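*Asks:* What follows is start33.txt, compact mmCIF, C-alpha atoms (C1' of nucleotides).
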# COMPACT_ATOMS: atom_id res chain seq x y z
CA MET B 1 226.05 149.82 73.62
CA THR B 2 222.65 150.55 75.08
CA ALA B 3 220.22 152.90 73.49
CA LEU B 4 222.03 152.95 70.21
CA HIS B 5 221.20 149.32 69.75
CA ALA B 6 217.69 149.75 70.86
CA SER B 7 217.02 152.22 68.13
CA LEU B 8 218.51 149.90 65.61
CA ALA B 9 216.60 146.96 66.89
CA GLY B 10 213.16 148.38 66.95
CA GLU B 11 213.04 151.26 69.40
CA THR B 12 212.82 150.51 73.04
CA ALA B 13 212.95 154.11 74.07
CA PRO B 14 210.06 156.09 72.70
CA PRO B 15 210.39 159.04 75.11
CA ALA B 16 213.66 160.35 73.69
CA ARG B 17 214.24 162.06 70.36
CA SER B 18 211.68 164.68 69.77
CA ARG B 19 213.26 168.12 69.59
CA ALA B 20 216.97 168.30 68.96
CA GLY B 21 217.15 165.10 66.97
CA ALA B 22 214.45 166.05 64.55
CA ARG B 23 216.57 168.74 63.06
CA THR B 24 219.75 166.80 62.40
CA SER B 25 218.80 166.01 58.86
CA VAL B 26 218.31 162.27 59.34
CA PRO B 27 215.94 161.41 62.16
CA ALA B 28 217.51 158.09 63.05
CA ASP B 29 214.40 156.00 62.55
CA THR B 30 214.19 156.83 58.90
CA ILE B 31 217.68 155.73 58.03
CA ASP B 32 218.17 154.21 54.64
CA TYR B 33 220.33 151.16 54.97
CA GLY B 34 220.43 150.63 51.26
CA PRO B 35 222.01 147.35 50.28
CA LEU B 36 223.31 146.97 53.80
CA ALA B 37 219.85 146.05 54.97
CA ASN B 38 220.00 142.64 53.39
CA TRP B 39 223.67 141.88 53.33
CA ILE B 40 224.41 138.85 55.36
CA GLY B 41 227.75 140.12 56.58
CA PHE B 42 226.25 143.22 58.09
CA ARG B 43 223.36 141.41 59.73
CA LEU B 44 225.74 138.81 61.01
CA ARG B 45 227.74 141.49 62.74
CA LEU B 46 224.69 143.02 64.34
CA ALA B 47 223.41 139.67 65.54
CA GLN B 48 226.77 138.65 66.91
CA ASN B 49 227.05 141.95 68.64
CA ALA B 50 223.67 141.57 70.24
CA SER B 51 224.33 138.02 71.30
CA PHE B 52 227.62 138.97 72.84
CA GLN B 53 226.06 141.70 74.88
CA ALA B 54 223.11 139.61 75.90
CA PHE B 55 225.45 136.95 77.16
CA ALA B 56 227.50 139.52 79.01
CA ARG B 57 224.32 140.61 80.74
CA GLU B 58 223.37 137.06 81.53
CA ALA B 59 226.76 136.51 83.11
CA SER B 60 227.02 139.87 84.77
CA GLY B 61 227.96 139.45 88.36
CA ILE B 62 230.41 136.80 87.33
CA ASP B 63 233.81 138.30 86.86
CA LEU B 64 234.67 136.69 83.56
CA SER B 65 234.12 138.11 80.13
CA PRO B 66 232.15 136.12 77.57
CA GLY B 67 235.24 135.68 75.49
CA ARG B 68 237.07 133.84 78.24
CA PHE B 69 234.18 131.57 78.81
CA ALA B 70 234.77 129.70 75.57
CA THR B 71 238.36 129.33 76.60
CA LEU B 72 237.35 127.68 79.85
CA VAL B 73 234.93 125.36 78.12
CA LEU B 74 237.54 124.24 75.65
CA ILE B 75 240.15 123.62 78.30
CA GLY B 76 237.62 121.79 80.43
CA ARG B 77 236.61 119.57 77.56
CA ASN B 78 240.14 118.99 76.35
CA PRO B 79 242.41 118.76 79.34
CA GLY B 80 246.04 119.01 78.37
CA ILE B 81 245.31 120.98 75.22
CA SER B 82 248.11 123.17 73.94
CA GLN B 83 247.80 126.90 73.51
CA THR B 84 248.08 126.63 69.78
CA ALA B 85 245.36 124.02 69.51
CA LEU B 86 243.23 126.11 71.79
CA SER B 87 243.72 129.23 69.71
CA ARG B 88 242.77 127.28 66.62
CA ALA B 89 239.65 125.86 68.20
CA ASN B 90 238.66 129.28 69.39
CA ALA B 91 239.52 130.99 66.10
CA ARG B 92 241.78 133.53 67.67
CA ASP B 93 245.40 134.20 67.13
CA LYS B 94 247.68 132.41 69.53
CA SER B 95 249.28 135.68 70.50
CA SER B 96 245.94 136.92 71.79
CA LEU B 97 245.82 133.96 74.05
CA THR B 98 248.95 134.71 76.01
CA PRO B 99 247.58 137.55 78.13
CA VAL B 100 244.25 135.79 78.58
CA LEU B 101 245.87 132.67 79.91
CA ASP B 102 248.23 134.69 82.06
CA ASP B 103 245.20 136.22 83.65
CA LEU B 104 243.38 132.92 84.12
CA VAL B 105 246.47 131.45 85.71
CA ARG B 106 246.84 134.45 87.97
CA ARG B 107 243.26 133.92 89.11
CA LYS B 108 244.00 130.23 89.66
CA LEU B 109 241.32 129.07 87.26
CA ILE B 110 243.68 127.11 85.03
CA LYS B 111 247.09 125.52 85.24
CA ARG B 112 249.84 125.65 82.66
CA MET B 113 252.12 122.66 82.79
CA ARG B 114 255.05 121.99 80.54
CA ALA B 115 254.48 118.95 78.37
CA LYS B 116 256.74 116.03 79.17
CA ASN B 117 257.85 115.21 75.68
CA ASP B 118 257.78 118.66 74.17
CA ARG B 119 259.21 121.33 76.32
CA ARG B 120 258.05 124.06 74.02
CA SER B 121 254.39 123.55 74.67
CA TYR B 122 252.15 123.79 77.66
CA GLN B 123 249.36 121.53 78.71
CA LEU B 124 246.39 123.48 79.92
CA MET B 125 243.86 122.27 82.43
CA LEU B 126 241.30 123.62 84.80
CA THR B 127 241.86 123.93 88.50
CA PRO B 128 238.99 122.96 90.80
CA ALA B 129 238.17 126.65 91.03
CA GLY B 130 238.12 126.75 87.27
CA GLU B 131 235.74 123.81 87.12
CA ALA B 132 233.46 125.50 89.59
CA LEU B 133 233.38 128.76 87.69
CA LEU B 134 232.84 126.91 84.44
CA ALA B 135 229.83 125.20 85.95
CA LYS B 136 228.37 128.53 87.00
CA LEU B 137 228.95 130.03 83.59
CA THR B 138 227.47 127.03 81.86
CA VAL B 139 224.23 127.75 83.63
CA CYS B 140 224.31 131.31 82.29
CA ALA B 141 225.12 130.10 78.82
CA GLU B 142 222.23 127.69 78.86
CA ARG B 143 219.89 130.38 79.98
CA HIS B 144 221.21 132.59 77.22
CA ASP B 145 220.77 129.85 74.69
CA ARG B 146 217.23 129.22 75.82
CA HIS B 147 216.59 132.89 75.43
CA ILE B 148 217.84 132.70 71.90
CA ASP B 149 215.61 129.73 71.28
CA GLU B 150 212.61 131.76 72.30
CA ILE B 151 213.51 134.30 69.67
CA ILE B 152 214.35 131.94 66.88
CA GLY B 153 211.75 129.39 67.63
CA PRO B 154 212.77 125.78 68.15
CA ARG B 155 211.82 124.72 64.65
CA ASP B 156 214.35 126.92 62.93
CA ARG B 157 217.15 126.49 65.36
CA ALA B 158 218.77 123.44 63.85
CA ARG B 159 218.55 124.83 60.36
CA PHE B 160 219.95 128.17 61.47
CA LEU B 161 222.83 126.53 63.28
CA GLN B 162 223.63 124.43 60.29
CA ILE B 163 223.80 127.46 58.06
CA LEU B 164 226.08 129.20 60.48
CA LYS B 165 228.39 126.22 60.38
CA LYS B 166 228.31 126.02 56.63
CA LEU B 167 229.06 129.69 56.38
CA ALA B 168 232.05 129.59 58.67
CA ALA B 169 233.40 126.56 56.87
CA GLY B 170 232.64 127.67 53.36
CA LEU B 171 233.92 131.19 53.66
CA LEU B 172 237.21 130.10 55.08
CA VAL B 173 238.12 127.29 52.76
CA SER B 174 237.85 129.49 49.75
CA GLY B 175 240.29 132.09 50.79
CA ASN B 176 243.37 130.71 52.37
CA GLY B 177 245.94 129.37 50.06
CA HIS B 178 248.19 130.17 52.97
CA SER B 179 251.14 128.16 54.03
CA ARG B 180 251.57 128.33 57.78
CA MET Q 1 243.49 134.02 60.72
CA THR Q 2 244.79 131.58 58.17
CA ALA Q 3 245.40 127.95 58.84
CA LEU Q 4 243.79 128.10 62.21
CA HIS Q 5 240.49 128.70 60.60
CA ALA Q 6 241.04 126.13 57.97
CA SER Q 7 241.45 123.45 60.55
CA LEU Q 8 238.32 124.54 62.26
CA ALA Q 9 236.40 124.73 59.06
CA GLY Q 10 237.25 121.46 57.52
CA GLU Q 11 240.99 121.32 56.83
CA THR Q 12 242.26 122.96 53.74
CA ALA Q 13 245.85 122.17 54.43
CA PRO Q 14 246.42 118.44 54.51
CA PRO Q 15 250.23 118.61 54.20
CA ALA Q 16 250.85 120.15 57.59
CA ARG Q 17 250.39 118.58 60.99
CA SER Q 18 251.80 115.13 61.03
CA ARG Q 19 254.71 114.92 63.39
CA ALA Q 20 255.09 117.58 66.02
CA GLY Q 21 251.40 118.19 66.41
CA ALA Q 22 250.53 114.61 66.97
CA ARG Q 23 252.15 114.59 70.34
CA THR Q 24 250.72 117.72 71.86
CA SER Q 25 247.98 115.88 73.63
CA VAL Q 26 245.06 117.20 71.59
CA PRO Q 27 245.58 116.80 67.86
CA ALA Q 28 243.50 119.77 66.80
CA ASP Q 29 241.09 117.85 64.60
CA THR Q 30 239.75 115.84 67.49
CA ILE Q 31 238.82 118.76 69.65
CA ASP Q 32 235.79 118.36 71.81
CA TYR Q 33 233.73 121.48 71.58
CA GLY Q 34 231.29 120.24 74.15
CA PRO Q 35 228.25 122.45 74.47
CA LEU Q 36 230.03 125.12 72.48
CA ALA Q 37 229.46 123.13 69.32
CA ASN Q 38 225.80 124.00 69.22
CA TRP Q 39 225.63 127.28 71.00
CA ILE Q 40 224.35 129.94 68.71
CA GLY Q 41 226.49 132.64 70.19
CA PHE Q 42 229.69 130.79 69.51
CA ARG Q 43 228.73 129.80 65.99
CA LEU Q 44 227.61 133.32 65.33
CA ARG Q 45 231.02 134.58 66.26
CA LEU Q 46 232.78 132.10 64.01
CA ALA Q 47 230.52 132.89 61.08
CA GLN Q 48 230.86 136.60 61.53
CA ASN Q 49 234.59 136.21 61.75
CA ALA Q 50 234.71 134.22 58.57
CA SER Q 51 232.47 136.61 56.74
CA PHE Q 52 234.53 139.55 57.81
CA GLN Q 53 237.71 137.98 56.56
CA ALA Q 54 236.16 136.79 53.35
CA PHE Q 55 234.99 140.30 52.64
CA ALA Q 56 238.40 141.69 53.43
CA ARG Q 57 239.85 139.30 50.89
CA GLU Q 58 237.23 140.27 48.33
CA ALA Q 59 238.12 143.90 48.81
CA SER Q 60 241.84 143.39 49.10
CA GLY Q 61 243.64 145.78 46.88
CA ILE Q 62 241.22 148.45 47.93
CA ASP Q 63 242.59 150.41 50.79
CA LEU Q 64 239.54 150.45 53.00
CA SER Q 65 238.68 148.09 55.78
CA PRO Q 66 235.33 146.28 55.75
CA GLY Q 67 234.23 148.23 58.78
CA ARG Q 68 234.57 151.54 57.00
CA PHE Q 69 232.66 150.30 54.06
CA ALA Q 70 229.40 150.24 55.97
CA THR Q 71 230.15 153.79 57.04
CA LEU Q 72 230.48 154.88 53.43
CA VAL Q 73 227.29 153.13 52.43
CA LEU Q 74 225.36 154.79 55.20
CA ILE Q 75 226.68 158.23 54.42
CA GLY Q 76 226.05 157.70 50.73
CA ARG Q 77 222.48 156.64 51.37
CA ASN Q 78 221.80 159.33 53.93
CA PRO Q 79 223.59 162.49 52.89
CA GLY Q 80 223.76 165.01 55.69
CA ILE Q 81 223.49 162.39 58.40
CA SER Q 82 224.96 163.31 61.75
CA GLN Q 83 227.70 161.39 63.45
CA THR Q 84 225.43 160.27 66.22
CA ALA Q 85 222.78 158.97 63.85
CA LEU Q 86 225.48 157.24 61.89
CA SER Q 87 226.92 155.57 64.94
CA ARG Q 88 223.48 154.36 65.90
CA ALA Q 89 222.78 152.96 62.46
CA ASN Q 90 226.10 151.24 62.47
CA ALA Q 91 225.75 149.95 66.04
CA ARG Q 92 229.00 151.43 67.19
CA ASP Q 93 229.73 153.95 69.84
CA LYS Q 94 229.91 157.49 68.57
CA SER Q 95 233.35 157.89 70.03
CA SER Q 96 234.63 155.09 67.81
CA LEU Q 97 233.50 157.09 64.85
CA THR Q 98 235.65 160.12 65.45
CA PRO Q 99 238.98 158.67 64.29
CA VAL Q 100 237.33 156.81 61.44
CA LEU Q 101 235.74 159.94 60.07
CA ASP Q 102 238.92 161.91 60.61
CA ASP Q 103 240.66 159.40 58.42
CA LEU Q 104 237.97 159.41 55.75
CA VAL Q 105 238.08 163.19 55.66
CA ARG Q 106 241.85 163.16 55.43
CA ARG Q 107 241.56 160.87 52.44
CA LYS Q 108 238.98 163.17 50.94
CA LEU Q 109 236.31 160.50 50.74
CA ILE Q 110 233.78 162.37 52.84
CA LYS Q 111 233.05 165.94 53.89
CA ARG Q 112 232.09 167.14 57.33
CA MET Q 113 230.05 170.29 57.25
CA ARG Q 114 228.66 172.12 60.21
CA ALA Q 115 224.89 172.08 60.24
CA LYS Q 116 223.30 175.46 59.71
CA ASN Q 117 220.82 175.40 62.52
CA ASP Q 118 222.77 173.31 65.01
CA ARG Q 119 226.37 174.21 65.29
CA ARG Q 120 227.13 171.24 67.47
CA SER Q 121 226.55 168.66 64.79
CA TYR Q 122 228.11 167.88 61.48
CA GLN Q 123 226.45 166.88 58.26
CA LEU Q 124 228.32 164.11 56.58
CA MET Q 125 228.39 163.48 52.86
CA LEU Q 126 230.48 161.73 50.29
CA THR Q 127 232.88 163.52 48.02
CA PRO Q 128 232.98 162.45 44.38
CA ALA Q 129 236.02 160.36 45.28
CA GLY Q 130 233.99 158.80 48.05
CA GLU Q 131 231.18 157.97 45.64
CA ALA Q 132 233.65 156.37 43.29
CA LEU Q 133 235.23 154.24 45.98
CA LEU Q 134 231.83 153.27 47.28
CA ALA Q 135 230.86 152.07 43.83
CA LYS Q 136 233.98 149.94 43.63
CA LEU Q 137 233.37 148.48 47.05
CA THR Q 138 229.76 147.78 46.28
CA VAL Q 139 230.90 145.52 43.51
CA CYS Q 140 233.08 143.63 45.97
CA ALA Q 141 230.26 143.40 48.45
CA GLU Q 142 227.92 142.02 45.86
CA ARG Q 143 230.44 139.43 44.85
CA HIS Q 144 230.89 138.56 48.49
CA ASP Q 145 227.18 138.30 48.98
CA ARG Q 146 226.82 136.07 45.96
CA HIS Q 147 229.53 133.91 47.38
CA ILE Q 148 227.57 133.62 50.58
CA ASP Q 149 224.49 132.75 48.59
CA GLU Q 150 226.31 129.86 47.02
CA ILE Q 151 227.06 128.53 50.46
CA ILE Q 152 223.68 129.06 52.00
CA GLY Q 153 221.67 128.24 48.99
CA PRO Q 154 219.13 130.76 47.72
CA ARG Q 155 216.22 128.97 49.29
CA ASP Q 156 217.39 129.51 52.85
CA ARG Q 157 218.76 132.96 52.45
CA ALA Q 158 215.64 134.94 53.22
CA ARG Q 159 214.81 132.79 56.21
CA PHE Q 160 218.35 133.04 57.51
CA LEU Q 161 218.39 136.78 57.13
CA GLN Q 162 215.12 137.09 58.91
CA ILE Q 163 216.39 135.10 61.85
CA LEU Q 164 219.48 137.26 62.05
CA LYS Q 165 217.28 140.32 62.20
CA LYS Q 166 215.02 138.82 64.81
CA LEU Q 167 218.00 137.86 66.89
CA ALA Q 168 219.58 141.29 66.83
CA ALA Q 169 216.29 142.89 67.66
CA GLY Q 170 215.14 140.40 70.25
CA LEU Q 171 218.36 140.15 72.16
CA LEU Q 172 218.70 143.87 72.51
CA VAL Q 173 215.23 144.81 73.55
CA SER Q 174 215.31 142.44 76.45
CA GLY Q 175 218.32 143.83 78.13
CA ASN Q 176 218.43 147.54 78.21
CA GLY Q 177 216.38 149.25 80.75
CA HIS Q 178 219.02 151.89 80.26
CA SER Q 179 218.50 155.55 80.27
CA ARG Q 180 221.02 157.28 78.02
C1' DG F 1 218.41 187.01 78.93
C1' DC F 2 219.51 183.27 81.86
C1' DG F 3 219.78 178.95 84.26
C1' DT F 4 218.69 174.01 83.70
C1' DG F 5 218.84 169.98 81.37
C1' DA F 6 219.67 167.65 77.12
C1' DT F 7 222.45 166.73 72.95
C1' DA F 8 226.79 166.54 69.38
C1' DG F 9 231.17 165.54 69.20
C1' DT F 10 235.88 164.74 71.27
C1' DT F 11 239.25 163.00 74.52
C1' DG F 12 241.35 159.72 77.67
C1' DG F 13 241.76 155.23 79.60
C1' DG F 14 241.28 150.52 79.07
C1' DT F 15 240.40 145.89 76.73
C1' DA F 16 240.50 142.74 72.91
C1' DT F 17 242.54 141.29 68.93
C1' DA F 18 245.85 140.54 64.93
C1' DA F 19 250.36 140.42 62.45
C1' DA F 20 255.14 140.04 62.46
C1' DA F 21 259.46 139.28 64.57
C1' DC F 22 261.63 136.76 67.96
C1' DT F 23 263.38 132.67 71.19
C1' DA F 24 263.49 128.07 72.40
C1' DT F 25 262.73 123.68 71.17
C1' DC F 26 261.83 119.92 68.23
C1' DC F 27 262.30 116.50 64.17
C1' DC F 28 264.72 114.41 60.59
C1' DG F 29 268.22 113.12 57.40
C1' DC F 30 272.82 112.71 56.90
C1' DG Z 1 275.72 114.80 66.57
C1' DC Z 2 274.65 118.54 63.49
C1' DG Z 3 272.36 121.59 60.49
C1' DG Z 4 268.06 122.89 58.17
C1' DG Z 5 263.39 123.54 58.55
C1' DA Z 6 259.24 123.42 61.27
C1' DT Z 7 256.66 124.39 65.57
C1' DA Z 8 255.15 126.50 70.58
C1' DG Z 9 254.85 130.38 72.87
C1' DT Z 10 256.00 135.37 73.80
C1' DT Z 11 256.81 140.10 72.68
C1' DT Z 12 256.06 144.15 70.09
C1' DT Z 13 253.30 147.10 67.52
C1' DA Z 14 249.09 148.63 65.76
C1' DT Z 15 244.08 148.77 65.28
C1' DA Z 16 239.25 148.72 66.68
C1' DC Z 17 236.26 149.26 69.96
C1' DC Z 18 233.77 150.72 74.50
C1' DC Z 19 232.80 153.70 78.37
C1' DA Z 20 233.03 157.74 81.10
C1' DA Z 21 234.13 162.40 81.40
C1' DC Z 22 234.54 166.56 79.07
C1' DT Z 23 233.34 170.99 76.00
C1' DA Z 24 230.35 173.46 73.22
C1' DT Z 25 225.95 174.19 71.89
C1' DC Z 26 221.05 174.03 72.01
C1' DA Z 27 216.05 174.37 73.80
C1' DC Z 28 212.86 175.69 76.98
C1' DG Z 29 210.61 178.06 80.72
C1' DC Z 30 210.64 181.82 83.45
Any chance you could give the structure as structure tokens?
*Replies:*
Amino acid sequence: MTALHASLAGETAPPARSRAGARTSVPADTIDYGPLANWIGFRLRLAQNASFQAFAREASGIDLSPGRFATLVLIGRNPGISQTALSRANARDKSSLTPVLDDLVRRKLIKRMRAKNDRRSYQLMLTPAGEALLAKLTVCAERHDRHIDEIIGPRDRARFLQILKKLAAGLLVSGNGHSR
Amino acid sequence: MTALHASLAGETAPPARSRAGARTSVPADTIDYGPLANWIGFRLRLAQNASFQAFAREASGIDLSPGRFATLVLIGRNPGISQTALSRANARDKSSLTPVLDDLVRRKLIKRMRAKNDRRSYQLMLTPAGEALLAKLTVCAERHDRHIDEIIGPRDRARFLQILKKLAAGLLVSGNGHSR
DNA sequence: GCGTGATAGTTGGGTATAAAACTATCCCGC
DNA sequence: GCGGGATAGTTTTATACCCAACTATCACGC
């Protein structure tokens, strides 16, 4: 991350690339993306990438990665949620959650309590410290989101969001004749 | 991936979840996403996730991950490109590229040739086998893209794509007063 | 030609994530 | 109450990625 993205995005750094780069056959700003240029999947990856990093910047100084933020939000909004339900909501495998939650517990941001009637599962909830951190991060997230709004423009936002939702829904339904 | 996404997306699997799940405090379909529900960053991640998996399904049977596909396209479109330029175009760190290219070379899909006038850099190009595989994958990608079109609807596609581009560009320019 | 600073690629260390196998627990019908 | 089948969470293994440090090479000015 850093300058590599800049060059992809529209060149932030004009000073660089003048001697050595010019000889390496493809001068970086004249790259032919071919069909990639207009494939949704590719652009989606770039946008997600950028958003992730922008958020990380927004929340820099706070010792919690963007990925864990969603986890906190979901626990905060759904106290007592199980790990499995949380992993589903967050679209990550439940096994990925184990180390994350271990860490959050270690930092005393969440609590894991055994459910009364099902001793297999945990009930997750925020600690007061977790609530406090969540509040701080929410401010960052809102700033980030406002930043995105400036880029998209408020008119298109709703439409854009709706398409994102349709995409996530539509692409998944069509492919999983799975059992589980 | 699998049923977890389905439940998020709109429930493909009605048979499951009826007994055990009902008691674990938060029944998965009544999750409160709170502000997450309409945060672009979060939705972007879900959509990208879904797209990635859908593409993987489309190209299942072909032994090449979606990530490497973009690499092949870029090399095919820009013969002689250097690894650094490629990593930039693909928005990944150049160090991530090393093992990927090693693998592609091992499978005889690409060639790495030392540049004449700069013995530090390589010039990458497809082998005939690489061209052939690229052609096969392009078919998959086009099918995938058509699938996405069905979901988005052709009217919104261009607008959607444009917003994705603006987002990637806009979010990156504003955050890297980096040197590198 | 030689030092200085930049660049191409690799290596090493660390994080995030997924898939599959596993353990413990649960539900249900008999 | 017991056995079969499902579920919650963990562990193991493997992959993809980043960043920082490293080596080899280059370019330029003197």
*Asks:* How many Å separate atom CA of Q:Asp103 from atom C1' of Z:DT15?
*Replies:*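 These two atoms are separated by 13.1 Å.
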*Asks:* Near chain B, meaning an atom within 12 Å, which residues of chain F appear when counting only C-alpha atoms (C1' of nucleotides)? Write them as number ranges by chain.
*Replies:* F: 6-8, 15-20, 23-27
*Asks:* From the options Q:Leu104, Q:Ala37, Q:Ala129, Q:Ile81, which residue's atoms come nearest to chain B, counting all atoms listed in the file?
*Replies:*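 Smallest separation from chain B among the options: Q:Ile81.
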*Asks:* For chain Q, which residue among Z:DC18, Z:DC30, Z:DT23, Z:DT12 is the nearest when counting all atoms listed in the file?
*Replies:*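 Among the listed residues, Z:DC18 lies closest to chain Q.
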*Asks:* Enumerate as a ChimeraX atom specification the residues belonging to chain Z that approach chain Q to within 12 Å, with all atoms listed in the file taken into account.
*Replies:* /Z:6-8,15-20,23-27
*Asks:* Report as a PDB file with C-alpha atoms, in the coordinates of the input all protein, DNA and RNA residues lying within 8 Å of stretch 136-153 of chain Q, evaluated on all atoms listed in the file, omitting residues in the same chain fewer than 2 positions from it.
*Replies:*
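Here's the written file part-v2.pdb:
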ATOM      1  CA  TRP B  39     223.670 141.880  53.330  1.00  0.00           C
ATOM      2  CA  ILE B  40     224.410 138.850  55.360  1.00  0.00           C
ATOM      3  CA  GLY B  41     227.750 140.120  56.580  1.00  0.00           C
ATOM      4  CA  ILE B 163     223.800 127.460  58.060  1.00  0.00           C
ATOM      5  CA  LYS B 166     228.310 126.020  56.630  1.00  0.00           C
ATOM      6  CA  LEU B 167     229.060 129.690  56.380  1.00  0.00           C
ATOM      7  CA  GLY B 170     232.640 127.670  53.360  1.00  0.00           C
ATOM      8  CA  LEU B 171     233.920 131.190  53.660  1.00  0.00           C
TER       9      LEU B 171
ATOM     10  CA  ALA Q  54     236.160 136.790  53.350  1.00  0.00           C
ATOM     11  CA  PHE Q  55     234.990 140.300  52.640  1.00  0.00           C
ATOM     12  CA  GLU Q  58     237.230 140.270  48.330  1.00  0.00           C
ATOM     13  CA  ALA Q  59     238.120 143.900  48.810  1.00  0.00           C
ATOM     14  CA  ILE Q  62     241.220 148.450  47.930  1.00  0.00           C
ATOM     15  CA  PHE Q  69     232.660 150.300  54.060  1.00  0.00           C
ATOM     16  CA  ALA Q 132     233.650 156.370  43.290  1.00  0.00           C
ATOM     17  CA  LEU Q 133     235.230 154.240  45.980  1.00  0.00           C
ATOM     18  CA  LEU Q 134     231.830 153.270  47.280  1.00  0.00           C
ATOM     19  CA  ARG Q 155     216.220 128.970  49.290  1.00  0.00           C
ATOM     20  CA  ASP Q 156     217.390 129.510  52.850  1.00  0.00           C
ATOM     21  CA  ARG Q 157     218.760 132.960  52.450  1.00  0.00           C
TER      22      ARG Q 157
END
*Asks:* Find the residues around B:Tyr122 up to 6 Å (all atoms listed in the file counted), leave out those fewer than 3 positions away in its own chain, and share them as a PyMOL selection string.
*Replies:* chain B and resi 82+112-115
*Asks:* For chain B, which residue out of Q:Thr98, Q:Gln83, Q:Ser65, Q:Thr127 is the nearest one, using only C-alpha atoms?
*Replies:*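 Looking only at the distances to chain B, the closest residue turns out to be Q:Gln83.
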*Asks:* Residues of chain Q near chain B: apply a cut-off of 6 Å, count all atoms listed in the file, and supply the list as a PyMOL selection string.
*Replies:* chain Q and resi 4+9+25-26+28+32+41+44-48+50-51+77+80-81+85+88+91+164+167-169+171-172
*Asks:* Write to file, as a compact mmCIF listing (two decimals), in the frame of the given file, the residues of the selection just made, with C-alpha atoms.
*Replies:*
# COMPACT_ATOMS: atom_id res chain seq x y z
CA LEU Q 4 243.79 128.10 62.21
CA ALA Q 9 236.40 124.73 59.06
CA SER Q 25 247.98 115.88 73.63
CA VAL Q 26 245.06 117.20 71.59
CA ALA Q 28 243.50 119.77 66.80
CA ASP Q 32 235.79 118.36 71.81
CA GLY Q 41 226.49 132.64 70.19
CA LEU Q 44 227.61 133.32 65.33
CA ARG Q 45 231.02 134.58 66.26
CA LEU Q 46 232.78 132.10 64.01
CA ALA Q 47 230.52 132.89 61.08
CA GLN Q 48 230.86 136.60 61.53
CA ALA Q 50 234.71 134.22 58.57
CA SER Q 51 232.47 136.61 56.74
CA ARG Q 77 222.48 156.64 51.37
CA GLY Q 80 223.76 165.01 55.69
CA ILE Q 81 223.49 162.39 58.40
CA ALA Q 85 222.78 158.97 63.85
CA ARG Q 88 223.48 154.36 65.90
CA ALA Q 91 225.75 149.95 66.04
CA LEU Q 164 219.48 137.26 62.05
CA LEU Q 167 218.00 137.86 66.89
CA ALA Q 168 219.58 141.29 66.83
CA ALA Q 169 216.29 142.89 67.66
CA LEU Q 171 218.36 140.15 72.16
CA LEU Q 172 218.70 143.87 72.51
*Asks:* Please indicate the distance in Å from atom CA of Q:Gly130 to atom CA of Q:Arg107, rounded to one decimal place.
*Replies:* 9.0 Å
*Asks:* So how many Å separate atom C1' of F:DT11 and atom CA of Q:Leu101, to one decimal?
*Replies:*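 It comes out at 15.2 Å.
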*Asks:* Would you list the contacts of F:DA21 as a VMD selection string, taking every protein, DNA or RNA residue within 12 Å and counting all atoms listed in the file, but skipping same-chain residues closer than 6 positions in sequence?
*Replies:* chain Z and resid 10 to 13
*Asks:* Keeping only C-alpha atoms (C1' of nucleotides), write those residues as a compact mmCIF listing (two decimals), in the coordinates of the input.
*Replies:*
# COMPACT_ATOMS: atom_id res chain seq x y z
C1' DT Z 10 256.00 135.37 73.80
C1' DT Z 11 256.81 140.10 72.68
C1' DT Z 12 256.06 144.15 70.09
C1' DT Z 13 253.30 147.10 67.52
